Amino acid sequence: MKIIRFIRGLFIIKPNRKLLWTPNDFKLAKNWAKTQPHPTRRFKTLWDSIYSSKKNSVHILHEVNKKLGY
């Protein structure tokens, strides 16, 4: 899984601004979160810990912004 995250990270840029509630920002957040390791599980990504079909996209973007420090 580390290799997949590393290869994906070569093509995905880290967001350098606060992500807003647009479809492009959501895609950027999703792609970036898939390159980051899960906080507690070894073979999962950050996206696996943040995303849930029960959550609104606004809440997901808020979680990503918290991880980015914005």
# chains A, B, ... in the order shown; residues from 1 in each chain; ligands from 1
>>> select_by_dssp(residues="segment 6-69 of chain A", states="alpha helix (DSSP H)", output="PyMOL selection string")
chain A and resi 6-11+23-33+46-50+57-68
>>> write_last_selection(atoms="N, CA and C atoms", output="mmCIF file, in the first residue's frame")
data_model
loop_
_atom_site.group_PDB
_atom_site.id
_atom_site.type_symbol
_atom_site.label_atom_id
_atom_site.label_comp_id
_atom_site.auth_asym_id
_atom_site.auth_seq_id
_atom_site.Cartn_x
_atom_site.Cartn_y
_atom_site.Cartn_z
ATOM 1 N N PHE A 6 2.781 6.135 -2.693
ATOM 2 C CA PHE A 6 3.932 6.890 -3.171
ATOM 3 C C PHE A 6 3.796 7.229 -4.654
ATOM 4 N N ILE A 7 3.418 6.253 -5.452
ATOM 5 C CA ILE A 7 3.263 6.491 -6.894
ATOM 6 C C ILE A 7 2.148 7.484 -7.160
ATOM 7 N N ARG A 8 1.042 7.334 -6.467
ATOM 8 C CA ARG A 8 -0.063 8.279 -6.638
ATOM 9 C C ARG A 8 0.350 9.675 -6.192
ATOM 10 N N GLY A 9 1.170 9.758 -5.146
ATOM 11 C CA GLY A 9 1.630 11.042 -4.634
ATOM 12 C C GLY A 9 2.542 11.786 -5.596
ATOM 13 N N LEU A 10 3.185 11.063 -6.500
ATOM 14 C CA LEU A 10 4.029 11.721 -7.496
ATOM 15 C C LEU A 10 3.210 12.567 -8.471
ATOM 16 N N PHE A 11 1.961 12.187 -8.675
ATOM 17 C CA PHE A 11 1.110 12.861 -9.656
ATOM 18 C C PHE A 11 0.094 13.812 -9.035
ATOM 19 N N PRO A 23 -16.983 21.103 -6.668
ATOM 20 C CA PRO A 23 -16.658 19.740 -7.102
ATOM 21 C C PRO A 23 -15.162 19.548 -7.376
ATOM 22 N N ASN A 24 -14.512 20.561 -7.927
ATOM 23 C CA ASN A 24 -13.071 20.434 -8.198
ATOM 24 C C ASN A 24 -12.264 20.335 -6.907
ATOM 25 N N ASP A 25 -12.646 21.101 -5.896
ATOM 26 C CA ASP A 25 -11.957 21.023 -4.614
ATOM 27 C C ASP A 25 -12.195 19.675 -3.941
ATOM 28 N N PHE A 26 -13.402 19.128 -4.101
ATOM 29 C CA PHE A 26 -13.695 17.817 -3.521
ATOM 30 C C PHE A 26 -12.832 16.743 -4.185
ATOM 31 N N LYS A 27 -12.676 16.814 -5.504
ATOM 32 C CA LYS A 27 -11.824 15.855 -6.210
ATOM 33 C C LYS A 27 -10.374 15.993 -5.779
ATOM 34 N N LEU A 28 -9.918 17.229 -5.611
ATOM 35 C CA LEU A 28 -8.556 17.475 -5.161
ATOM 36 C C LEU A 28 -8.351 16.905 -3.759
ATOM 37 N N ALA A 29 -9.315 17.115 -2.878
ATOM 38 C CA ALA A 29 -9.232 16.596 -1.514
ATOM 39 C C ALA A 29 -9.213 15.072 -1.515
ATOM 40 N N LYS A 30 -10.056 14.480 -2.323
ATOM 41 C CA LYS A 30 -10.124 13.023 -2.405
ATOM 42 C C LYS A 30 -8.809 12.440 -2.907
ATOM 43 N N ASN A 31 -8.287 13.005 -3.974
ATOM 44 C CA ASN A 31 -7.035 12.489 -4.528
ATOM 45 C C ASN A 31 -5.873 12.672 -3.569
ATOM 46 N N TRP A 32 -5.812 13.813 -2.890
ATOM 47 C CA TRP A 32 -4.730 14.041 -1.939
ATOM 48 C C TRP A 32 -4.851 13.102 -0.737
ATOM 49 N N ALA A 33 -6.073 12.925 -0.229
ATOM 50 C CA ALA A 33 -6.277 12.071 0.946
ATOM 51 C C ALA A 33 -5.932 10.619 0.641
ATOM 52 N N LEU A 46 -5.906 7.839 4.355
ATOM 53 C CA LEU A 46 -6.621 8.877 5.093
ATOM 54 C C LEU A 46 -8.056 8.992 4.588
ATOM 55 N N TRP A 47 -8.237 8.781 3.289
ATOM 56 C CA TRP A 47 -9.576 8.858 2.710
ATOM 57 C C TRP A 47 -10.491 7.813 3.330
ATOM 58 N N ASP A 48 -9.967 6.637 3.630
ATOM 59 C CA ASP A 48 -10.769 5.595 4.256
ATOM 60 C C ASP A 48 -11.246 5.998 5.640
ATOM 61 N N SER A 49 -10.459 6.787 6.344
ATOM 62 C CA SER A 49 -10.868 7.211 7.683
ATOM 63 C C SER A 49 -11.821 8.405 7.652
ATOM 64 N N ILE A 50 -11.737 9.224 6.615
ATOM 65 C CA ILE A 50 -12.567 10.428 6.543
ATOM 66 C C ILE A 50 -13.908 10.161 5.868
ATOM 67 N N SER A 57 -20.624 16.193 1.957
ATOM 68 C CA SER A 57 -19.335 16.567 1.379
ATOM 69 C C SER A 57 -18.713 17.758 2.115
ATOM 70 N N VAL A 58 -19.534 18.610 2.689
ATOM 71 C CA VAL A 58 -19.034 19.752 3.449
ATOM 72 C C VAL A 58 -18.234 19.262 4.659
ATOM 73 N N HIS A 59 -18.729 18.250 5.335
ATOM 74 C CA HIS A 59 -18.042 17.713 6.507
ATOM 75 C C HIS A 59 -16.743 17.009 6.111
ATOM 76 N N ILE A 60 -16.768 16.331 4.977
ATOM 77 C CA ILE A 60 -15.556 15.661 4.496
ATOM 78 C C ILE A 60 -14.486 16.688 4.165
ATOM 79 N N LEU A 61 -14.863 17.751 3.459
ATOM 80 C CA LEU A 61 -13.899 18.803 3.127
ATOM 81 C C LEU A 61 -13.371 19.490 4.383
ATOM 82 N N HIS A 62 -14.228 19.642 5.377
ATOM 83 C CA HIS A 62 -13.794 20.242 6.642
ATOM 84 C C HIS A 62 -12.723 19.368 7.305
ATOM 85 N N GLU A 63 -12.922 18.056 7.291
ATOM 86 C CA GLU A 63 -11.930 17.143 7.866
ATOM 87 C C GLU A 63 -10.597 17.224 7.119
ATOM 88 N N VAL A 64 -10.649 17.295 5.796
ATOM 89 C CA VAL A 64 -9.425 17.409 5.013
ATOM 90 C C VAL A 64 -8.737 18.733 5.307
ATOM 91 N N ASN A 65 -9.506 19.806 5.408
ATOM 92 C CA ASN A 65 -8.915 21.110 5.739
ATOM 93 C C ASN A 65 -8.241 21.087 7.118
ATOM 94 N N LYS A 66 -8.838 20.362 8.073
ATOM 95 C CA LYS A 66 -8.215 20.240 9.391
ATOM 96 C C LYS A 66 -6.891 19.505 9.291
ATOM 97 N N LYS A 67 -6.832 18.461 8.471
ATOM 98 C CA LYS A 67 -5.590 17.701 8.301
ATOM 99 C C LYS A 67 -4.532 18.546 7.606
ATOM 100 N N LEU A 68 -4.968 19.451 6.715
ATOM 101 C CA LEU A 68 -4.031 20.326 6.013
ATOM 102 C C LEU A 68 -3.587 21.510 6.873
#
>>> residues_around(residues="Pro37 of chain A", least_positions_apart="2", cutoff="10 Å", atoms="only C-alpha atoms", output="list in words")
Met1, Lys2, Arg5, Ala33, Lys34, Thr35, Pro39, Thr40, Arg41, Arg42, Phe43, Lys44, Thr45, Leu46, Trp47, Asp48 and Ser49 of chain A
>>> closest_residue(among="A:Leu20, A:Ser53, A:Ile13, A:Ile3", to="Tyr70 of chain A", atoms="only C-alpha atoms")
A:Leu20
>>> decode(residues="chain A", atoms="C-alpha atoms", output="PDB file, in the first residue's frame")
ATOM      1  CA  MET A   1       0.000   0.000   0.000  1.00  0.00           C
ATOM      2  CA  LYS A   2       2.914   2.336   0.675  1.00  0.00           C
ATOM      3  CA  ILE A   3       4.101   1.893  -2.894  1.00  0.00           C
ATOM      4  CA  ILE A   4       0.679   2.714  -4.320  1.00  0.00           C
ATOM      5  CA  ARG A   5       0.423   5.834  -2.156  1.00  0.00           C
ATOM      6  CA  PHE A   6       3.932   6.890  -3.171  1.00  0.00           C
ATOM      7  CA  ILE A   7       3.263   6.491  -6.894  1.00  0.00           C
ATOM      8  CA  ARG A   8      -0.063   8.279  -6.638  1.00  0.00           C
ATOM      9  CA  GLY A   9       1.630  11.042  -4.634  1.00  0.00           C
ATOM     10  CA  LEU A  10       4.029  11.721  -7.496  1.00  0.00           C
ATOM     11  CA  PHE A  11       1.110  12.861  -9.656  1.00  0.00           C
ATOM     12  CA  ILE A  12      -1.087  14.554  -7.039  1.00  0.00           C
ATOM     13  CA  ILE A  13      -0.234  17.964  -5.638  1.00  0.00           C
ATOM     14  CA  LYS A  14      -0.854  18.959  -2.036  1.00  0.00           C
ATOM     15  CA  PRO A  15      -3.534  21.654  -1.760  1.00  0.00           C
ATOM     16  CA  ASN A  16      -1.914  24.980  -0.893  1.00  0.00           C
ATOM     17  CA  ARG A  17      -5.108  26.779   0.072  1.00  0.00           C
ATOM     18  CA  LYS A  18      -8.272  26.140   2.030  1.00  0.00           C
ATOM     19  CA  LEU A  19     -10.579  23.881   0.058  1.00  0.00           C
ATOM     20  CA  LEU A  20     -14.025  25.299  -0.627  1.00  0.00           C
ATOM     21  CA  TRP A  21     -17.269  23.523  -1.449  1.00  0.00           C
ATOM     22  CA  THR A  22     -16.797  23.026  -5.171  1.00  0.00           C
ATOM     23  CA  PRO A  23     -16.658  19.740  -7.102  1.00  0.00           C
ATOM     24  CA  ASN A  24     -13.071  20.434  -8.198  1.00  0.00           C
ATOM     25  CA  ASP A  25     -11.957  21.023  -4.614  1.00  0.00           C
ATOM     26  CA  PHE A  26     -13.695  17.817  -3.521  1.00  0.00           C
ATOM     27  CA  LYS A  27     -11.824  15.855  -6.210  1.00  0.00           C
ATOM     28  CA  LEU A  28      -8.556  17.475  -5.161  1.00  0.00           C
ATOM     29  CA  ALA A  29      -9.232  16.596  -1.514  1.00  0.00           C
ATOM     30  CA  LYS A  30     -10.124  13.023  -2.405  1.00  0.00           C
ATOM     31  CA  ASN A  31      -7.035  12.489  -4.528  1.00  0.00           C
ATOM     32  CA  TRP A  32      -4.730  14.041  -1.939  1.00  0.00           C
ATOM     33  CA  ALA A  33      -6.277  12.071   0.946  1.00  0.00           C
ATOM     34  CA  LYS A  34      -5.693   8.838  -0.966  1.00  0.00           C
ATOM     35  CA  THR A  35      -1.953   9.571  -0.930  1.00  0.00           C
ATOM     36  CA  GLN A  36      -1.813   9.980   2.865  1.00  0.00           C
ATOM     37  CA  PRO A  37      -1.518   7.141   5.390  1.00  0.00           C
ATOM     38  CA  HIS A  38      -4.384   6.215   7.701  1.00  0.00           C
ATOM     39  CA  PRO A  39      -3.883   7.541  11.249  1.00  0.00           C
ATOM     40  CA  THR A  40      -4.149   4.099  12.865  1.00  0.00           C
ATOM     41  CA  ARG A  41      -4.404   1.317  10.263  1.00  0.00           C
ATOM     42  CA  ARG A  42      -1.451   0.192   8.234  1.00  0.00           C
ATOM     43  CA  PHE A  43      -3.029  -0.739   4.887  1.00  0.00           C
ATOM     44  CA  LYS A  44      -5.616   2.035   4.692  1.00  0.00           C
ATOM     45  CA  THR A  45      -5.515   5.630   3.511  1.00  0.00           C
ATOM     46  CA  LEU A  46      -6.621   8.877   5.093  1.00  0.00           C
ATOM     47  CA  TRP A  47      -9.576   8.858   2.710  1.00  0.00           C
ATOM     48  CA  ASP A  48     -10.769   5.595   4.256  1.00  0.00           C
ATOM     49  CA  SER A  49     -10.868   7.211   7.683  1.00  0.00           C
ATOM     50  CA  ILE A  50     -12.567  10.428   6.543  1.00  0.00           C
ATOM     51  CA  TYR A  51     -15.078   9.289   3.935  1.00  0.00           C
ATOM     52  CA  SER A  52     -18.466   7.847   4.812  1.00  0.00           C
ATOM     53  CA  SER A  53     -21.557   7.694   2.639  1.00  0.00           C
ATOM     54  CA  LYS A  54     -23.505   9.079   5.594  1.00  0.00           C
ATOM     55  CA  LYS A  55     -21.408  12.276   5.753  1.00  0.00           C
ATOM     56  CA  ASN A  56     -22.082  15.378   3.725  1.00  0.00           C
ATOM     57  CA  SER A  57     -19.335  16.567   1.379  1.00  0.00           C
ATOM     58  CA  VAL A  58     -19.034  19.752   3.449  1.00  0.00           C
ATOM     59  CA  HIS A  59     -18.042  17.713   6.507  1.00  0.00           C
ATOM     60  CA  ILE A  60     -15.556  15.661   4.496  1.00  0.00           C
ATOM     61  CA  LEU A  61     -13.899  18.803   3.127  1.00  0.00           C
ATOM     62  CA  HIS A  62     -13.794  20.242   6.642  1.00  0.00           C
ATOM     63  CA  GLU A  63     -11.930  17.143   7.866  1.00  0.00           C
ATOM     64  CA  VAL A  64      -9.425  17.409   5.013  1.00  0.00           C
ATOM     65  CA  ASN A  65      -8.915  21.110   5.739  1.00  0.00           C
ATOM     66  CA  LYS A  66      -8.215  20.240   9.391  1.00  0.00           C
ATOM     67  CA  LYS A  67      -5.590  17.701   8.301  1.00  0.00           C
ATOM     68  CA  LEU A  68      -4.031  20.326   6.013  1.00  0.00           C
ATOM     69  CA  GLY A  69      -3.971  22.893   8.823  1.00  0.00           C
ATOM     70  CA  TYR A  70      -6.479  25.380   7.381  1.00  0.00           C
TER      71      TYR A  70
END
